[in-house]
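Chemist: Hey, dropping start_21.cif in here, mmCIF, C-alpha atoms:
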```
data_start
#
loop_
_atom_site.group_PDB
_atom_site.id
_atom_site.type_symbol
_atom_site.label_atom_id
_atom_site.label_comp_id
_atom_site.auth_asym_id
_atom_site.auth_seq_id
_atom_site.Cartn_x
_atom_site.Cartn_y
_atom_site.Cartn_z
ATOM 1 C CA MET A 1 15.788 2.946 23.282
ATOM 2 C CA VAL A 2 12.291 1.425 23.248
ATOM 3 C CA GLU A 3 11.849 -1.299 25.811
ATOM 4 C CA ASN A 4 10.841 -4.558 24.147
ATOM 5 C CA PRO A 5 7.165 -5.037 25.076
ATOM 6 C CA LYS A 6 5.669 -8.436 25.771
ATOM 7 C CA LEU A 7 2.796 -9.202 23.386
ATOM 8 C CA THR A 8 0.270 -11.490 25.040
ATOM 9 C CA ARG A 9 -2.853 -13.038 23.572
ATOM 10 C CA LEU A 10 -5.916 -12.928 25.787
ATOM 11 C CA ILE A 11 -8.170 -15.946 26.199
ATOM 12 C CA ALA A 12 -11.860 -16.262 27.055
ATOM 13 C CA ALA A 13 -11.073 -16.544 30.778
ATOM 14 C CA ASP A 14 -9.533 -13.038 30.709
ATOM 15 C CA THR A 15 -12.914 -11.352 30.168
ATOM 16 C CA LYS A 16 -13.098 -9.852 33.676
ATOM 17 C CA SER A 17 -9.361 -9.695 34.342
ATOM 18 C CA PRO A 18 -7.250 -6.603 35.201
ATOM 19 C CA ILE A 19 -5.547 -7.055 31.813
ATOM 20 C CA MET A 20 -8.905 -6.672 30.052
ATOM 21 C CA ASP A 21 -9.564 -3.633 32.236
ATOM 22 C CA GLY A 22 -6.283 -2.128 31.006
ATOM 23 C CA LEU A 23 -7.180 -2.871 27.396
ATOM 24 C CA PHE A 24 -10.616 -1.306 27.719
ATOM 25 C CA LYS A 25 -9.212 1.828 29.374
ATOM 26 C CA ILE A 26 -6.945 2.497 26.388
ATOM 27 C CA TYR A 27 -9.742 1.523 23.995
ATOM 28 C CA ASN A 28 -12.087 4.049 25.600
ATOM 29 C CA GLU A 29 -9.524 6.845 25.463
ATOM 30 C CA ALA A 30 -7.991 6.203 22.053
ATOM 31 C CA ILE A 31 -10.727 4.947 19.743
ATOM 32 C CA ASN A 32 -13.080 7.410 18.056
ATOM 33 C CA ILE A 33 -16.408 7.173 19.877
ATOM 34 C CA SER A 34 -18.270 6.618 16.589
ATOM 35 C CA GLU A 35 -16.169 3.480 16.057
ATOM 36 C CA GLN A 36 -16.419 2.072 19.571
ATOM 37 C CA LYS A 37 -18.326 -1.026 20.632
ATOM 38 C CA PRO A 38 -19.674 -1.550 24.172
ATOM 39 C CA ARG A 39 -17.486 -3.526 26.549
ATOM 40 C CA ALA A 40 -20.086 -6.314 26.617
ATOM 41 C CA MET A 41 -19.656 -6.698 22.860
ATOM 42 C CA LEU A 42 -15.861 -6.800 23.163
ATOM 43 C CA GLU A 43 -16.193 -9.481 25.829
ATOM 44 C CA LYS A 44 -18.429 -11.482 23.496
ATOM 45 C CA MET A 45 -15.868 -11.107 20.710
ATOM 46 C CA LEU A 46 -13.193 -12.469 23.043
ATOM 47 C CA GLN A 47 -15.212 -15.694 23.280
ATOM 48 C CA ASP A 48 -15.209 -16.035 19.470
ATOM 49 C CA SER A 49 -12.412 -18.210 18.045
ATOM 50 C CA ASN A 50 -12.203 -15.955 14.984
ATOM 51 C CA TYR A 51 -11.022 -13.054 17.139
ATOM 52 C CA TYR A 52 -7.525 -12.493 18.485
ATOM 53 C CA PHE A 53 -7.037 -10.018 21.339
ATOM 54 C CA TYR A 54 -3.461 -8.970 22.095
ATOM 55 C CA VAL A 55 -2.083 -6.676 24.763
ATOM 56 C CA SER A 56 1.380 -5.174 24.944
ATOM 57 C CA ILE A 57 2.788 -5.248 28.456
ATOM 58 C CA VAL A 58 5.733 -3.296 29.880
ATOM 59 C CA ASN A 59 6.612 -3.492 33.580
ATOM 60 C CA GLU A 60 3.395 -5.428 34.198
ATOM 61 C CA GLN A 61 1.291 -2.586 32.750
ATOM 62 C CA VAL A 62 -0.870 -2.741 29.625
ATOM 63 C CA ILE A 63 0.540 -0.071 27.327
ATOM 64 C CA GLY A 64 -1.231 -1.027 24.087
ATOM 65 C CA PHE A 65 -3.540 -3.512 22.440
ATOM 66 C CA ALA A 66 -4.731 -4.905 19.121
ATOM 67 C CA ILE A 67 -7.881 -6.768 18.102
ATOM 68 C CA VAL A 68 -7.717 -8.853 14.941
ATOM 69 C CA TYR A 69 -10.582 -10.636 13.218
ATOM 70 C CA SER A 70 -9.085 -13.655 11.442
ATOM 71 C CA PRO A 71 -11.747 -16.006 10.060
ATOM 72 C CA ILE A 72 -10.760 -19.653 9.987
ATOM 73 C CA ASN A 73 -9.878 -20.997 6.523
ATOM 74 C CA SER A 74 -9.751 -17.505 5.018
ATOM 75 C CA ASP A 75 -6.822 -15.764 3.338
ATOM 76 C CA TYR A 76 -7.370 -12.391 5.001
ATOM 77 C CA CYS A 77 -7.661 -10.853 8.447
ATOM 78 C CA LEU A 78 -8.942 -7.499 9.680
ATOM 79 C CA LEU A 79 -7.024 -5.282 12.063
ATOM 80 C CA GLU A 80 -10.151 -4.034 13.744
ATOM 81 C CA TYR A 81 -8.489 -1.978 16.480
ATOM 82 C CA MET A 82 -4.984 -1.047 17.585
ATOM 83 C CA ALA A 83 -3.956 1.657 20.054
ATOM 84 C CA ILE A 84 -1.204 2.708 22.458
ATOM 85 C CA ASP A 85 -1.546 4.460 25.796
ATOM 86 C CA ASP A 86 -1.638 8.191 25.075
ATOM 87 C CA SER A 87 1.371 8.934 27.283
ATOM 88 C CA LEU A 88 3.547 6.500 25.320
ATOM 89 C CA ARG A 89 2.676 7.342 21.737
ATOM 90 C CA GLY A 90 5.492 8.204 19.387
ATOM 91 C CA LYS A 91 8.002 6.015 21.213
ATOM 92 C CA GLY A 92 7.961 3.069 18.810
ATOM 93 C CA TYR A 93 5.645 0.735 20.702
ATOM 94 C CA GLY A 94 2.949 0.853 18.015
ATOM 95 C CA GLY A 95 5.424 -0.206 15.363
ATOM 96 C CA LYS A 96 6.567 -3.145 17.451
ATOM 97 C CA ILE A 97 2.990 -4.312 17.950
ATOM 98 C CA PHE A 98 2.135 -3.947 14.269
ATOM 99 C CA ASP A 99 5.285 -5.747 13.126
ATOM 100 C CA SER A 100 4.496 -8.585 15.540
ATOM 101 C CA LEU A 101 0.975 -8.837 14.154
ATOM 102 C CA THR A 102 2.079 -8.959 10.531
ATOM 103 C CA SER A 103 4.513 -11.707 11.494
ATOM 104 C CA ILE A 104 1.825 -13.695 13.346
ATOM 105 C CA PHE A 105 -0.584 -13.356 10.407
ATOM 106 C CA SER A 106 2.059 -13.498 7.668
ATOM 107 C CA ASN A 107 0.089 -16.118 5.742
ATOM 108 C CA LYS A 108 -2.843 -13.729 5.390
ATOM 109 C CA SER A 109 -3.459 -10.309 3.859
ATOM 110 C CA MET A 110 -4.263 -7.797 6.584
ATOM 111 C CA VAL A 111 -7.075 -5.316 5.936
ATOM 112 C CA ILE A 112 -6.805 -2.048 7.870
ATOM 113 C CA GLU A 113 -9.722 0.378 8.276
ATOM 114 C CA ILE A 114 -8.480 3.915 8.792
ATOM 115 C CA ASP A 115 -10.045 7.375 9.103
ATOM 116 C CA SER A 116 -9.516 9.505 6.017
ATOM 117 C CA PRO A 117 -7.193 12.497 6.507
ATOM 118 C CA PHE A 118 -9.209 14.345 3.851
ATOM 119 C CA GLU A 119 -12.295 14.712 6.022
ATOM 120 C CA ASP A 120 -12.673 18.091 7.704
ATOM 121 C CA SER A 121 -11.977 17.145 11.300
ATOM 122 C CA GLU A 122 -10.099 18.363 14.344
ATOM 123 C CA ASP A 123 -7.796 15.347 14.263
ATOM 124 C CA SER A 124 -6.794 15.500 10.584
ATOM 125 C CA ALA A 125 -3.102 15.795 11.520
ATOM 126 C CA ILE A 126 -3.353 12.650 13.663
ATOM 127 C CA ARG A 127 -5.089 10.830 10.816
ATOM 128 C CA GLN A 128 -2.258 11.774 8.464
ATOM 129 C CA LYS A 129 0.287 10.470 10.959
ATOM 130 C CA ARG A 130 -1.563 7.135 11.018
ATOM 131 C CA ILE A 131 -1.309 6.943 7.227
ATOM 132 C CA GLU A 132 2.419 7.601 7.422
ATOM 133 C CA PHE A 133 2.785 5.038 10.211
ATOM 134 C CA TYR A 134 1.224 2.230 8.200
ATOM 135 C CA LYS A 135 3.121 3.317 5.093
ATOM 136 C CA SER A 136 6.406 3.000 6.974
ATOM 137 C CA HIS A 137 5.473 -0.561 7.932
ATOM 138 C CA GLY A 138 4.737 -1.776 4.419
ATOM 139 C CA SER A 139 1.011 -1.114 4.020
ATOM 140 C CA ARG A 140 -0.565 0.117 0.796
ATOM 141 C CA LEU A 141 -3.696 2.110 0.014
ATOM 142 C CA VAL A 142 -6.548 0.497 -1.924
ATOM 143 C CA GLN A 143 -6.775 3.183 -4.571
ATOM 144 C CA GLY A 144 -10.156 4.689 -5.341
ATOM 145 C CA LEU A 145 -12.061 2.978 -2.534
ATOM 146 C CA ASN A 146 -14.038 5.311 -0.278
ATOM 147 C CA TYR A 147 -14.850 2.867 2.474
ATOM 148 C CA ILE A 148 -18.149 3.105 4.318
ATOM 149 C CA LEU A 149 -17.846 1.920 7.896
ATOM 150 C CA PRO A 150 -21.151 0.141 8.627
ATOM 151 C CA MET A 151 -21.630 1.330 12.193
ATOM 152 C CA GLY A 152 -24.519 3.308 13.646
ATOM 153 C CA GLY A 153 -24.447 6.824 14.969
ATOM 154 C CA LEU A 154 -25.182 10.299 13.723
ATOM 155 C CA HIS A 155 -21.857 10.624 11.961
ATOM 156 C CA THR A 156 -19.986 7.901 10.125
ATOM 157 C CA PRO A 157 -16.395 9.037 9.516
ATOM 158 C CA GLU A 158 -14.894 8.974 6.041
ATOM 159 C CA MET A 159 -12.692 5.905 5.811
ATOM 160 C CA LEU A 160 -9.953 4.381 3.685
ATOM 161 C CA ILE A 161 -8.713 0.807 3.416
ATOM 162 C CA LEU A 162 -5.044 -0.100 3.625
ATOM 163 C CA LEU A 163 -3.646 -3.535 2.927
ATOM 164 C CA HIS A 164 -0.558 -5.251 4.297
ATOM 165 C CA SER A 165 0.048 -8.341 2.200
ATOM 166 C CA ASN A 166 2.799 -10.702 1.140
ATOM 167 C CA ILE A 167 0.606 -11.810 -1.778
ATOM 168 C CA TYR A 168 -0.856 -8.619 -3.234
ATOM 169 C CA ASN A 169 1.808 -5.965 -3.604
ATOM 170 C CA GLU A 170 0.894 -3.855 -6.618
ATOM 171 C CA SER A 171 -2.797 -4.630 -7.150
ATOM 172 C CA ILE A 172 -5.662 -6.806 -5.972
ATOM 173 C CA PRO A 173 -8.525 -8.366 -7.969
ATOM 174 C CA LYS A 174 -11.815 -6.568 -7.355
ATOM 175 C CA GLU A 175 -13.530 -9.929 -6.867
ATOM 176 C CA LYS A 176 -11.131 -10.835 -4.068
ATOM 177 C CA LEU A 177 -11.525 -7.498 -2.285
ATOM 178 C CA SER A 178 -15.302 -7.737 -2.646
ATOM 179 C CA SER A 179 -15.350 -11.148 -0.956
ATOM 180 C CA TRP A 180 -13.328 -9.820 1.987
ATOM 181 C CA LEU A 181 -15.431 -6.678 2.471
ATOM 182 C CA THR A 182 -18.640 -8.701 2.221
ATOM 183 C CA ASP A 183 -17.408 -11.036 4.955
ATOM 184 C CA ILE A 184 -16.420 -8.055 7.113
ATOM 185 C CA TYR A 185 -19.853 -6.493 6.667
ATOM 186 C CA VAL A 186 -21.624 -9.756 7.523
ATOM 187 C CA SER A 187 -19.387 -11.305 10.185
ATOM 188 C CA VAL A 188 -17.962 -8.241 11.935
ATOM 189 C CA TYR A 189 -20.772 -5.705 11.634
ATOM 190 C CA GLY A 190 -23.844 -7.931 11.283
ATOM 191 C CA CYS A 191 -24.984 -6.523 7.928
ATOM 192 C CA GLY A 192 -26.541 -8.465 5.072
ATOM 193 C CA ALA A 193 -24.424 -9.868 2.248
ATOM 194 C CA GLY A 194 -26.504 -7.804 -0.177
ATOM 195 C CA ASP A 195 -25.987 -4.521 1.669
ATOM 196 C CA GLU A 196 -26.218 -1.806 -0.982
ATOM 197 C CA ARG A 197 -23.210 0.023 0.471
ATOM 198 C CA LEU A 198 -20.959 -2.781 -0.759
ATOM 199 C CA SER A 199 -21.985 -2.425 -4.382
ATOM 200 C CA TYR A 200 -21.901 1.370 -4.074
ATOM 201 C CA MET A 201 -18.284 1.317 -2.851
ATOM 202 C CA LEU A 202 -17.070 -1.121 -5.479
ATOM 203 C CA CYS A 203 -19.137 -0.408 -8.603
ATOM 204 C CA ASP A 204 -16.765 2.113 -10.225
ATOM 205 C CA LEU A 205 -13.512 0.357 -9.338
ATOM 206 C CA PRO A 206 -11.552 -1.522 -12.023
ATOM 207 C CA ASP A 207 -11.317 -5.324 -12.075
ATOM 208 C CA ASP A 208 -7.697 -5.035 -10.945
ATOM 209 C CA ILE A 209 -7.412 -2.407 -8.218
ATOM 210 C CA ILE A 210 -4.114 -0.605 -7.740
ATOM 211 C CA LEU A 211 -2.440 -0.702 -4.341
ATOM 212 C CA ARG A 212 -0.480 2.465 -3.730
ATOM 213 C CA THR A 213 2.075 3.384 -1.161
ATOM 214 C CA ALA A 214 0.102 5.553 1.245
ATOM 215 C CA SER A 215 1.454 9.087 1.256
ATOM 216 C CA ARG A 216 0.349 12.690 1.466
ATOM 217 C CA ASN A 217 -0.270 12.751 -2.280
ATOM 218 C CA PHE A 218 -2.101 9.506 -2.824
#
```
For the file at hand, write its structure as structure tokens.

Modeler:
Amino acid sequence: MVENPKLTRLIAADTKSPIMDGLFKIYNEAINISEQKPRAMLEKMLQDSNYYFYVSIVNEQVIGFAIVYSPINSDYCLLEYMAIDDSLRGKGYGGKIFDSLTSIFSNKSMVIEIDSPFEDSEDSAIRQKRIEFYKSHGSRLVQGLNYILPMGGLHTPEMLILLHSNIYNESIPKEKLSSWLTDIYVSVYGCGAGDERLSYMLCDLPDDIILRTASRNF
């Protein structure tokens, strides 16, 4: 039986705390290096009221974390990062964290950036498991969208977008999705609102984009 973890939100004063140290340790080990931000940037994000940092604690140890970008007065949020200590994966802790997050942000649609399992990579099996994980917790794939993660580096991984929403279950208007992705590009990644990657990703999608249950044959 999975021990019920305590989900705690960090505040600005926790920047140099042991809890933040525990979060960053898991972050460093679990997040693809091409998708990582320096600790100084994470600490700056913690000072931003649009960001929510959560840690999962069991027996006074940080065993997982999540970072959510939730802009004030917006109807969406972005699950920017979520990870569990490597030694505890597959024990149900990730599901408990995710379910807690979707409850906390139940009035918003949650956007989830995820590595594509179709890319030729050493961790393709792990990527597929992530798809199945989010599927089992009610998330749906934005069909036809090949998401371009706007981060630097020699290799930008192929990405997909999943959506967990109490509002959009079968489809989402292209205009709505475009407004969310534009805000993510500008506010999260520091890109321009006219970044050509946005129009490239969205140009061939229909006005009403299907949301599909993420599976091996999506």

Chemist: Go through segment 83-117 of chain A residue by residue and, counting all atoms listed in the file, keep those with an atom at most 8 Å from segment 55-69 of chain A; for each kept residue give the shortest atom pair and its distance in Å to one decimal, ordered by chain and increasing number, as a Markdown table.

Modeler:
```
| residue | atom | partner | partner_atom | distance |
| --- | --- | --- | --- | --- |
| A:Ala83 | CA | A:Gly64 | CA | 5.6 |
| A:Ile84 | CA | A:Gly64 | CA | 4.1 |
| A:Asp85 | CA | A:Ile63 | CA | 5.2 |
| A:Leu88 | CA | A:Ile63 | CA | 7.5 |
| A:Tyr93 | CA | A:Gly64 | CA | 7.9 |
| A:Gly94 | CA | A:Gly64 | CA | 7.6 |
| A:Ile97 | CA | A:Ser56 | CA | 7.2 |
```

Chemist: State, in Å with one decimal place, the distance from atom CA of Ile210 of chain A to atom CA of Leu145 of chain A.

Modeler: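 The value is 10.2 Å.
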
Chemist: Considering all atoms listed in the file, return as a PDB file with C-alpha atoms, keeping the file's coordinate frame whatever protein or nucleic-acid residues lie within 8 Å of Leu78 of chain A, sequence-local ones (same chain, fewer than 6 positions apart) excluded.

Modeler:
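The resulting file, part31.pdb, is reproduced below:
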```
ATOM      1  CA  VAL A  68      -7.717  -8.853  14.941  1.00  0.00           C
ATOM      2  CA  TYR A  69     -10.582 -10.636  13.218  1.00  0.00           C
ATOM      3  CA  SER A  70      -9.085 -13.655  11.442  1.00  0.00           C
ATOM      4  CA  MET A 110      -4.263  -7.797   6.584  1.00  0.00           C
ATOM      5  CA  VAL A 111      -7.075  -5.316   5.936  1.00  0.00           C
ATOM      6  CA  ILE A 112      -6.805  -2.048   7.870  1.00  0.00           C
ATOM      7  CA  ILE A 184     -16.420  -8.055   7.113  1.00  0.00           C
TER       8      ILE A 184
END
```

Chemist: Applying the PyMOL selection byres ((chain A and resi 203-209) around 8) to the file I just gave you, which residues come out? Please list them as a VMD selection string.

Modeler: chain A and resid 142 to 145 171 to 175 199 to 202 210 to 211

Chemist: Output, as lines of an AutoDock Vina configuration file, the centre and edge lengths in Å (one decimal) of the axis-aligned box that contains all listed atoms of segment 189-194 of chain A with 5 Å of margin on each side.

Modeler:
```
center_x = -23.7
center_y = -7.8
center_z = 5.7
size_x = 15.8
size_y = 14.2
size_z = 21.8
```

Chemist: Pick from A:Glu170, A:Glu158, A:Glu113, A:Glu132: nearest to Met82 of chain A, with all atoms listed in the file counted?

Modeler: A:Glu113

Chemist: Determine the nearest neighbour of Asp99 of chain A from the options A:Ile72, A:Asp21, A:Tyr134, A:Tyr147, counting all atoms listed in the file.

Modeler: A:Tyr134

Chemist: Rounded to one decimal in Å, what is the spacing between atom CA of Tyr51 of chain A and atom CA of Asp115 of chain A?

Modeler: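 Calculated distance between atom CA of Tyr51 of chain A and atom CA of Asp115 of chain A is 22.0 Å.
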
Chemist: Interatomic distance between atom CA of Met45 of chain A and atom CA of Ile11 of chain A?

Modeler: 10.6 Å

Chemist: From the options A:Cys77, A:Leu46, A:Leu10, A:Leu149, which residue's atoms come nearest to Ser165 of chain A, counting all atoms listed in the file?

Modeler: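 For Ser165 of chain A, the nearest of the candidates is A:Cys77.
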
Chemist: Need to verify the contact set: Ala40 of chain A, 12 Å, only C-alpha atoms, exclusion of same-chain residues closer than 4 positions in sequence. Can you return it as a PyMOL selection string?

Modeler: chain A and resi 15-16+20+24+36+44-47

Chemist: Which residue, A:Glu35, A:Asp48, A:Glu43, A:Asp75, has the smallest gap to Ile148 of chain A when you use all atoms listed in the file?

Modeler: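 Between A:Glu35, A:Asp48, A:Glu43, A:Asp75, the residue approaching Ile148 of chain A most closely is A:Glu35.
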
Chemist: Using only C-alpha atoms, can you tell me which of A:Ser74, A:Ser49, A:Ser103, A:Ser109 comes closest to Ile167 of chain A?

Modeler: A:Ser109

Chemist: Rank nothing, just name the residue among A:Ile126, A:Val188, A:Leu177, A:Ala193 nearest to Leu42 of chain A, using only C-alpha atoms.

Modeler: A:Val188

Chemist: Run the PyMOL selection byres ((chain A and resi 194) around 12) on the file and write out the hits as a VMD selection string.

Modeler: chain A and resid 178 to 179 181 to 183 185 to 186 190 to 193 195 to 200

Chemist: Could you turn the residues from that selection into a file that holds C-alpha atoms, as a tab-separated table (two decimals), keeping the file's coordinate frame?

Modeler:
```tsv
chain	number	residue	atom	x	y	z
A	178	SER	CA	-15.30	-7.74	-2.65
A	179	SER	CA	-15.35	-11.15	-0.96
A	181	LEU	CA	-15.43	-6.68	2.47
A	182	THR	CA	-18.64	-8.70	2.22
A	183	ASP	CA	-17.41	-11.04	4.96
A	185	TYR	CA	-19.85	-6.49	6.67
A	186	VAL	CA	-21.62	-9.76	7.52
A	190	GLY	CA	-23.84	-7.93	11.28
A	191	CYS	CA	-24.98	-6.52	7.93
A	192	GLY	CA	-26.54	-8.46	5.07
A	193	ALA	CA	-24.42	-9.87	2.25
A	195	ASP	CA	-25.99	-4.52	1.67
A	196	GLU	CA	-26.22	-1.81	-0.98
A	197	ARG	CA	-23.21	0.02	0.47
A	198	LEU	CA	-20.96	-2.78	-0.76
A	199	SER	CA	-21.98	-2.42	-4.38
A	200	TYR	CA	-21.90	1.37	-4.07
```

Chemist: Need the shell around Ile114 of chain A: protein/DNA/RNA residues with any atom at most 10 Å away, counting all atoms listed in the file. Skip same-chain ones fewer than 6 positions apart. Format as a short mmCIF file (atom, residue, chain, number, x, y, z; two decimals) with C-alpha atoms, in the coordinates of the input?

Modeler:
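And here's selection-v8.cif as it stands now:
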```cif
data_model
loop_
_atom_site.label_atom_id
_atom_site.label_comp_id
_atom_site.auth_asym_id
_atom_site.auth_seq_id
_atom_site.Cartn_x
_atom_site.Cartn_y
_atom_site.Cartn_z
CA LEU A 79 -7.02 -5.28 12.06
CA GLU A 80 -10.15 -4.03 13.74
CA TYR A 81 -8.49 -1.98 16.48
CA ARG A 127 -5.09 10.83 10.82
CA ARG A 130 -1.56 7.14 11.02
CA ILE A 131 -1.31 6.94 7.23
CA TYR A 134 1.22 2.23 8.20
CA TYR A 147 -14.85 2.87 2.47
CA LEU A 149 -17.85 1.92 7.90
CA PRO A 157 -16.40 9.04 9.52
CA GLU A 158 -14.89 8.97 6.04
CA MET A 159 -12.69 5.90 5.81
CA LEU A 160 -9.95 4.38 3.68
CA ILE A 161 -8.71 0.81 3.42
CA LEU A 162 -5.04 -0.10 3.62
#
```

Chemist: Identify all residues satisfying the PyMOL selection byres ((chain A and resi 30) around 9) in the given file; provide them as a compact mmCIF listing (two decimals) with C-alpha atoms, keeping the file's coordinate frame.

Modeler:
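result-v6.txt, freshly written:
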```txt
# COMPACT_ATOMS: atom_id res chain seq x y z
CA LYS A 25 -9.21 1.83 29.37
CA ILE A 26 -6.94 2.50 26.39
CA TYR A 27 -9.74 1.52 24.00
CA ASN A 28 -12.09 4.05 25.60
CA GLU A 29 -9.52 6.84 25.46
CA ILE A 31 -10.73 4.95 19.74
CA ASN A 32 -13.08 7.41 18.06
CA ILE A 33 -16.41 7.17 19.88
CA ALA A 83 -3.96 1.66 20.05
CA ILE A 84 -1.20 2.71 22.46
CA ASP A 85 -1.55 4.46 25.80
CA ASP A 86 -1.64 8.19 25.08
```
